[in-house]
>>> print(open('query-v3.txt').read())   # compact mmCIF, C-alpha atoms
# COMPACT_ATOMS: atom_id res chain seq x y z
CA MET S 1 231.91 -15.21 -14.59
CA GLU S 2 228.44 -15.19 -16.20
CA LYS S 3 226.98 -16.98 -13.15
CA LYS S 4 228.52 -14.41 -10.78
CA LEU S 5 227.17 -11.55 -12.92
CA HIS S 6 223.70 -13.12 -12.90
CA GLU S 7 223.81 -13.44 -9.11
CA ASP S 8 224.87 -9.80 -8.73
CA ILE S 9 222.02 -8.65 -10.94
CA CYS S 10 219.52 -10.67 -8.92
CA PHE S 11 220.57 -8.82 -5.79
CA ILE S 12 219.68 -5.47 -7.37
CA ASP S 13 216.14 -4.90 -6.14
CA ASN S 14 213.59 -2.35 -7.29
CA GLU S 15 214.69 0.17 -4.69
CA GLN S 16 218.26 0.15 -5.94
CA ILE S 17 217.11 0.63 -9.52
CA MET S 18 214.86 3.52 -8.49
CA LYS S 19 217.73 5.15 -6.60
CA LEU S 20 219.94 4.95 -9.67
CA ALA S 21 217.17 6.35 -11.86
CA GLU S 22 216.32 8.98 -9.22
CA ILE S 23 212.65 8.11 -9.43
CA GLY S 24 210.10 7.57 -6.69
CA PRO S 25 206.37 6.79 -6.38
CA ILE S 26 203.97 9.39 -5.04
CA CYS S 27 200.28 9.55 -4.26
CA ILE S 28 198.22 12.73 -4.24
CA ASP S 29 194.96 13.22 -2.39
CA PRO S 30 193.50 16.22 -4.28
CA ILE S 31 190.54 16.50 -1.94
CA ALA S 32 192.64 16.78 1.21
CA GLY S 33 195.39 18.62 -0.64
CA GLU S 34 198.09 16.22 0.53
CA LEU S 35 201.01 14.33 -0.99
CA HIS S 36 202.03 10.86 0.25
CA CYS S 37 205.26 9.17 -0.74
CA SER S 38 207.55 6.28 0.15
CA GLU S 39 210.63 6.66 2.33
CA LEU S 40 212.73 6.27 -0.81
CA THR S 41 210.97 9.21 -2.48
CA GLN S 42 211.31 11.26 0.69
CA THR S 43 215.06 10.62 0.77
CA LEU S 44 215.64 11.23 -2.96
CA PHE S 45 213.80 14.55 -3.01
CA GLN S 46 214.58 15.60 0.58
CA PHE S 47 210.97 16.01 1.61
CA GLU S 48 210.45 16.69 5.30
CA SER S 49 208.18 13.66 5.74
CA CYS S 50 206.35 11.00 3.79
CA ASN S 51 203.02 12.82 4.20
CA PHE S 52 202.72 16.56 3.83
CA PRO S 53 200.44 19.29 2.41
CA LEU S 54 200.75 20.12 -1.29
CA SER S 55 201.44 23.69 -0.18
CA ASP S 56 204.83 22.49 1.08
CA LEU S 57 205.60 21.10 -2.38
CA PHE S 58 204.60 24.38 -4.02
CA LYS S 59 207.10 26.25 -1.84
CA LYS S 60 209.89 24.25 -3.47
CA VAL S 61 208.83 25.30 -6.99
CA ASP S 62 209.81 28.57 -8.64
CA SER S 63 207.17 30.96 -9.95
CA PRO S 64 205.59 30.95 -12.57
CA PHE S 65 205.94 27.13 -12.67
CA ARG S 66 204.33 27.09 -9.22
CA GLU S 67 201.07 28.53 -10.54
CA THR S 68 200.99 26.09 -13.45
CA LEU S 69 201.55 23.16 -11.08
CA LYS S 70 198.79 24.35 -8.75
CA SER S 71 196.36 24.73 -11.61
CA CYS S 72 197.18 21.32 -13.10
CA LEU S 73 196.91 19.46 -9.80
CA SER S 74 193.57 21.13 -9.08
CA GLN S 75 192.22 19.52 -12.26
CA ILE S 76 193.67 16.06 -11.83
CA TYR S 77 190.93 14.36 -9.83
CA ASN S 78 188.41 12.37 -11.89
CA ARG S 79 190.39 12.83 -15.10
CA GLN S 80 191.23 9.55 -16.79
CA ASN S 81 193.91 10.58 -19.27
CA SER S 82 197.60 10.72 -18.38
CA PHE S 83 199.17 13.83 -16.92
CA GLN S 84 202.80 14.99 -17.23
CA LEU S 85 204.62 18.13 -16.18
CA THR S 86 208.27 19.19 -16.16
CA PHE S 87 209.39 21.95 -13.80
CA PRO S 88 212.30 22.99 -11.54
CA LEU S 89 212.19 21.81 -7.92
CA TRP S 90 214.48 22.83 -5.06
CA ILE S 91 216.03 19.68 -3.59
CA GLY S 92 217.93 20.91 -0.58
CA THR S 93 220.15 23.71 -1.94
CA ASP S 94 220.07 22.39 -5.54
CA ARG S 95 217.58 23.45 -8.18
CA LYS S 96 216.83 20.44 -10.38
CA TRP S 97 214.43 19.81 -13.21
CA ILE S 98 212.02 17.00 -12.48
CA HIS S 99 209.28 15.09 -14.29
CA LEU S 100 205.92 14.58 -12.58
CA ASN S 101 203.93 11.82 -14.22
CA PHE S 102 200.51 10.30 -13.51
CA PRO S 103 199.96 7.52 -16.08
CA GLU S 104 196.19 7.54 -15.56
CA THR S 105 193.60 8.77 -13.12
CA GLN S 106 191.10 6.24 -11.74
CA GLN S 107 187.66 7.45 -10.79
CA SER S 108 187.20 4.61 -8.30
CA SER S 109 189.83 6.03 -5.99
CA GLN S 110 190.11 9.43 -4.34
CA ASN S 111 193.91 9.27 -4.48
CA VAL S 112 195.92 9.66 -7.67
CA THR S 113 199.16 7.69 -7.99
CA GLY S 114 202.18 8.41 -10.14
CA TYR S 115 205.88 9.07 -9.90
CA ILE S 116 208.40 11.88 -9.65
CA GLN S 117 211.80 11.68 -11.34
CA VAL S 118 214.90 13.85 -11.72
CA ALA S 119 215.24 14.76 -15.41
CA ARG S 120 218.26 13.63 -17.38
CA ASN S 121 220.46 16.26 -19.10
CA GLN S 122 219.72 19.06 -16.65
CA GLU S 123 221.63 21.62 -18.73
CA ILE S 124 219.13 21.27 -21.60
CA TYR S 125 216.26 22.32 -19.35
CA GLU S 126 218.24 25.13 -17.72
CA ASN S 127 218.56 26.79 -21.12
CA HIS S 128 214.84 26.58 -21.86
CA ASP S 129 213.03 27.78 -18.72
CA GLU S 130 210.67 30.13 -20.54
CA TYR S 131 210.05 27.70 -23.40
CA LEU S 132 209.09 24.85 -21.06
CA GLU S 133 206.84 27.03 -18.95
CA ARG S 134 204.99 28.11 -22.09
CA ILE S 135 204.54 24.52 -23.25
CA ASN S 136 203.34 23.46 -19.78
CA SER S 137 200.82 26.30 -19.76
CA LEU S 138 199.53 25.53 -23.25
CA LEU S 139 199.22 21.80 -22.53
CA HIS S 140 197.35 22.48 -19.32
CA TYR S 141 194.84 24.72 -21.09
CA LEU S 142 194.39 22.13 -23.84
CA ILE S 143 193.55 19.58 -21.14
CA THR S 144 191.01 21.79 -19.37
CA ILE S 145 189.18 23.31 -22.36
CA PRO S 146 187.02 20.21 -23.07
CA THR S 147 185.33 20.81 -19.70
CA SER S 148 184.08 24.21 -20.86
CA MET S 149 182.95 22.80 -24.20
CA PHE S 150 181.18 19.87 -22.52
CA THR S 151 179.22 22.38 -20.44
CA PHE S 152 178.47 24.27 -23.64
CA ILE S 153 176.90 21.14 -25.21
CA ARG S 154 175.21 19.68 -22.13
CA ASP S 155 173.65 22.75 -20.54
CA LYS S 156 171.05 24.09 -22.95
CA GLU S 157 170.47 27.10 -20.69
CA GLN S 158 174.06 28.26 -21.00
CA ASN S 159 174.56 31.28 -23.24
CA SER S 160 176.72 30.05 -26.12
CA VAL S 161 178.19 33.51 -26.71
CA THR S 162 179.36 33.72 -23.09
CA ILE S 163 181.13 30.35 -23.16
CA ILE S 164 182.75 30.78 -26.58
CA SER S 165 183.81 34.33 -25.76
CA LYS S 166 185.54 33.15 -22.60
CA ILE S 167 187.47 30.49 -24.53
CA LEU S 168 188.51 33.03 -27.17
CA ARG S 169 189.69 35.42 -24.45
CA ASP S 170 191.71 32.60 -22.90
CA ILE S 171 193.31 31.91 -26.29
CA ILE S 172 194.26 35.58 -26.61
CA SER S 173 195.77 35.50 -23.13
CA HIS S 174 197.74 32.27 -23.64
CA MET S 175 199.03 33.21 -27.10
CA LYS S 176 199.50 36.92 -26.35
CA ALA S 177 197.41 37.51 -29.46
CA SER S 178 195.42 40.53 -30.60
CA ARG S 179 192.26 39.02 -32.07
CA VAL S 180 190.53 35.64 -32.49
CA CYS S 181 187.60 35.15 -34.86
CA ILE S 182 185.34 32.24 -35.80
CA PHE S 183 183.96 32.33 -39.35
CA ARG S 184 181.15 30.25 -40.81
CA TYR S 185 180.37 29.66 -44.49
CA ASP S 186 176.86 29.75 -45.85
CA THR S 187 175.38 26.58 -47.36
CA SER S 188 176.48 27.56 -50.87
CA LEU S 189 180.06 28.23 -49.69
CA GLN S 190 179.91 31.52 -51.58
CA SER S 191 180.19 33.77 -48.54
CA GLN S 192 181.27 33.64 -44.91
CA SER S 193 180.37 35.60 -41.81
CA CYS S 194 182.27 36.26 -38.59
CA ILE S 195 180.02 34.72 -35.92
CA TYR S 196 182.33 35.19 -32.92
CA GLU S 197 185.12 37.65 -32.24
CA GLU S 198 187.24 38.60 -29.24
CA THR S 199 190.02 41.17 -29.11
CA ALA S 200 192.78 42.13 -26.72
CA ILE S 201 192.50 45.41 -24.82
CA GLY S 202 192.93 48.35 -27.19
CA VAL S 203 192.50 46.27 -30.36
CA PRO S 204 189.56 47.37 -32.55
CA SER S 205 186.79 45.00 -33.61
CA LYS S 206 186.77 43.87 -37.24
CA LYS S 207 183.69 41.65 -37.08
CA MET S 208 181.51 43.62 -39.49
CA HIS S 209 184.41 44.52 -41.75
CA TYR S 210 185.38 40.85 -42.16
CA GLU S 211 182.00 39.85 -43.64
CA ASN S 212 182.70 37.95 -46.89
CA MET S 213 186.14 39.54 -47.19
CA TYR S 214 188.02 36.30 -47.88
CA ASN S 215 185.73 35.02 -50.64
CA ARG S 216 185.36 38.35 -52.34
CA ARG S 217 188.95 39.56 -52.45
CA PHE S 218 191.31 36.72 -51.63
CA PRO S 219 190.38 33.63 -53.68
CA ALA S 220 193.78 31.91 -53.18
CA ILE S 221 193.31 32.00 -49.41
CA THR S 222 189.77 30.67 -49.76
CA GLU S 223 190.88 27.88 -52.10
CA ARG S 224 193.50 26.70 -49.61
CA LEU S 225 190.99 26.65 -46.75
CA MET S 226 188.46 24.79 -48.90
CA ARG S 227 191.07 22.03 -49.27
CA ASN S 228 191.28 21.79 -45.46
CA ARG S 229 194.80 23.19 -45.35
CA PRO S 230 195.81 25.57 -42.53
CA ILE S 231 197.61 28.87 -42.96
CA MET S 232 200.46 30.19 -40.79
CA PHE S 233 201.84 33.44 -42.12
CA THR S 234 203.99 36.39 -41.12
CA HIS S 235 204.51 39.48 -43.27
CA VAL S 236 207.24 39.10 -45.90
CA GLU S 237 208.93 41.70 -48.08
CA LYS S 238 208.85 39.67 -51.30
CA PRO S 239 205.95 37.21 -51.71
CA VAL S 240 206.96 34.09 -53.64
CA ASP S 241 203.53 33.05 -54.97
CA GLU S 242 199.93 34.22 -55.34
CA LEU S 243 198.89 32.87 -51.95
CA SER S 244 201.63 34.72 -50.08
CA ARG S 245 200.93 37.84 -52.15
CA GLN S 246 197.26 37.79 -51.13
CA LEU S 247 198.14 37.06 -47.50
CA ASN S 248 200.65 39.91 -47.51
CA GLU S 249 198.06 42.27 -48.98
CA MET S 250 195.37 41.18 -46.54
CA ILE S 251 197.38 41.46 -43.33
CA THR S 252 198.94 44.76 -44.43
CA GLU S 253 195.49 46.28 -45.03
CA GLU S 254 194.15 44.95 -41.73
CA GLU S 255 197.28 45.99 -39.78
CA ILE S 256 198.08 42.40 -38.82
CA ARG S 257 201.68 41.24 -38.47
CA SER S 258 201.15 37.47 -38.15
CA ILE S 259 198.11 35.23 -38.65
CA MET S 260 197.14 31.57 -38.24
CA ILE S 261 193.96 30.22 -39.85
CA ILE S 262 192.55 26.75 -39.09
CA PRO S 263 189.78 25.36 -41.35
CA ILE S 264 186.88 23.61 -39.62
CA MET S 265 185.27 20.72 -41.45
CA GLU S 266 181.77 19.24 -41.26
CA SER S 267 181.95 15.70 -42.63
CA GLU S 268 183.66 16.09 -46.02
CA ARG S 269 182.99 19.79 -46.60
CA ILE S 270 184.24 22.96 -45.00
CA TRP S 271 182.09 24.50 -42.29
CA GLY S 272 184.19 27.56 -41.51
CA PHE S 273 187.52 28.55 -40.01
CA VAL S 274 189.12 30.12 -36.94
CA SER S 275 191.71 32.89 -37.25
CA LEU S 276 194.31 33.95 -34.69
CA GLU S 277 195.82 37.38 -35.31
CA ILE S 278 198.81 39.21 -33.84
CA CYS S 279 198.90 42.91 -34.63
CA ASP S 280 201.63 44.37 -32.42
CA ARG S 281 204.60 42.23 -33.50
CA SER S 282 205.80 39.68 -36.02
CA HIS S 283 205.69 36.14 -34.74
CA LYS S 284 207.20 33.00 -36.24
CA TRP S 285 204.73 30.20 -35.60
CA ASN S 286 206.10 26.90 -34.34
CA SER S 287 204.71 23.37 -34.42
CA TYR S 288 203.46 23.17 -30.84
CA GLU S 289 201.53 26.43 -31.24
CA TYR S 290 199.92 25.08 -34.40
CA TYR S 291 198.91 21.75 -32.84
CA TRP S 292 197.64 23.53 -29.73
CA PHE S 293 195.54 26.12 -31.56
CA SER S 294 194.29 23.73 -34.25
CA SER S 295 193.15 21.25 -31.58
CA ILE S 296 191.19 23.92 -29.73
CA ALA S 297 189.76 25.34 -32.96
CA ARG S 298 188.48 21.94 -34.07
CA ILE S 299 187.01 21.16 -30.65
CA MET S 300 185.13 24.46 -30.74
CA GLY S 301 183.96 23.79 -34.29
CA ILE S 302 182.58 20.36 -33.41
CA CYS S 303 180.80 21.68 -30.32
CA ILE S 304 179.22 24.61 -32.17
CA GLN S 305 178.01 22.24 -34.89
CA LEU S 306 176.52 19.88 -32.28
CA ARG S 307 174.74 22.74 -30.53
CA GLU S 308 173.35 23.99 -33.86
CA SER S 309 172.15 20.48 -34.82
CA GLU S 310 170.37 20.10 -31.50
CA GLN S 311 168.71 23.49 -31.87
CA LYS S 312 167.60 22.65 -35.41
CA ALA S 313 166.16 19.30 -34.30
CA SER S 314 164.35 20.99 -31.44
CA VAL S 315 162.72 23.50 -33.80
CA GLU S 316 161.68 20.75 -36.22
CA ARG S 317 160.03 18.79 -33.40
>>> encode(input="query-v3.txt", output="structure tokens")
Amino acid sequence: MEKKLHEDICFIDNEQIMKLAEIGPICIDPIAGELHCSELTQTLFQFESCNFPLSDLFKKVDSPFRETLKSCLSQIYNRQNSFQLTFPLWIGTDRKWIHLNFPETQQSSQNVTGYIQVARNQEIYENHDEYLERINSLLHYLITIPTSMFTFIRDKEQNSVTIISKILRDIISHMKASRVCIFRYDTSLQSQSCIYEETAIGVPSKKMHYENMYNRRFPAITERLMRNRPIMFTHVEKPVDELSRQLNEMITEEEIRSIMIIPIMESERIWGFVSLEICDRSHKWNSYEYYWFSSIARIMGICIQLRESEQKASVER
């Protein structure tokens, strides 16, 4: 019996396994804008041929996932880290959620290889269309932002205000936020100034008003940031401690409904912080929003510090 079972298993080749798993290899030529696949992949996903324009793939994807997919694939060439995306694809008359995965991108080749697979537990994804699209969008922006910051560091002729302002506007757009500010402490850590600010349309600027506000009036908030601890807060009716009382007072006065503050460190001491404010609605922050915003905030902080160090060294020379 065991021998017969072993023989049966040996006859199951890779193609049979891939059919059962509903997974197939693909290759994308981002320069030519084409997708190449095996006959197995063509059959599994009912593509018209094994070689076709990416535009034909986009037609099988619902909007707004289509725009996210286009944007991600346009960035894939010459990027070495892995790339994953989950979205609904029309396979014949059935709408199925699929995973698109490129384990790594190799600069030595024009083509990018990976695989496409039908997702398990389709009903889970069907109930979270909007949630998944938001995650896909946030992940894509997190992947592309280092390009802007690299330009910010490398190109000394670039206006730092222009580049940072664009990133802050993108954050407002992605998070549907009202205001984003970058604060920097002075060398004594006794005061802080708002060095960058961007607001949504119709939202007033608070840049001058925010000067030294945290240190002067809200010591519990400042103490938490000094310990490199983030803040995610939404207005509450009954504050439970001094920190929440000060946060409640601050956002009420500034007509903010929800706020996230990420401290930015320089070696072992605080350099400043980045605040994300929502004024038109209460918002309960979740973990992926925190990790997304904190990652961007820290990248910006590092790049600003590097630019300042280079400028200081240039002056000293």
>>> closest_residue(input="query-v3.txt", among="S:Lys176, S:Leu69, S:Ile302, S:Asn14", to="Ile264 in chain S", atoms="all atoms listed in the file")
S:Ile302
>>> closest_residue(input="query-v3.txt", among="S:Ser160, S:Asn248, S:Thr199, S:Asn51", to="Ser275 in chain S", atoms="all atoms listed in the file")
S:Thr199
>>> closest_residue(input="query-v3.txt", among="S:Leu40, S:Met213, S:Ala32, S:Met232", to="Glu15 in chain S", atoms="all atoms listed in the file")
S:Leu40
>>> atom_distance(input="query-v3.txt", atom1="CA of Glu268 in chain S", atom2="CA of Asn228 in chain S")
9.5 Å
>>> closest_residue(input="query-v3.txt", among="S:Val161, S:Cys27, S:Ile172, S:Ile299", to="Pro103 in chain S", atoms="all atoms listed in the file")
S:Cys27
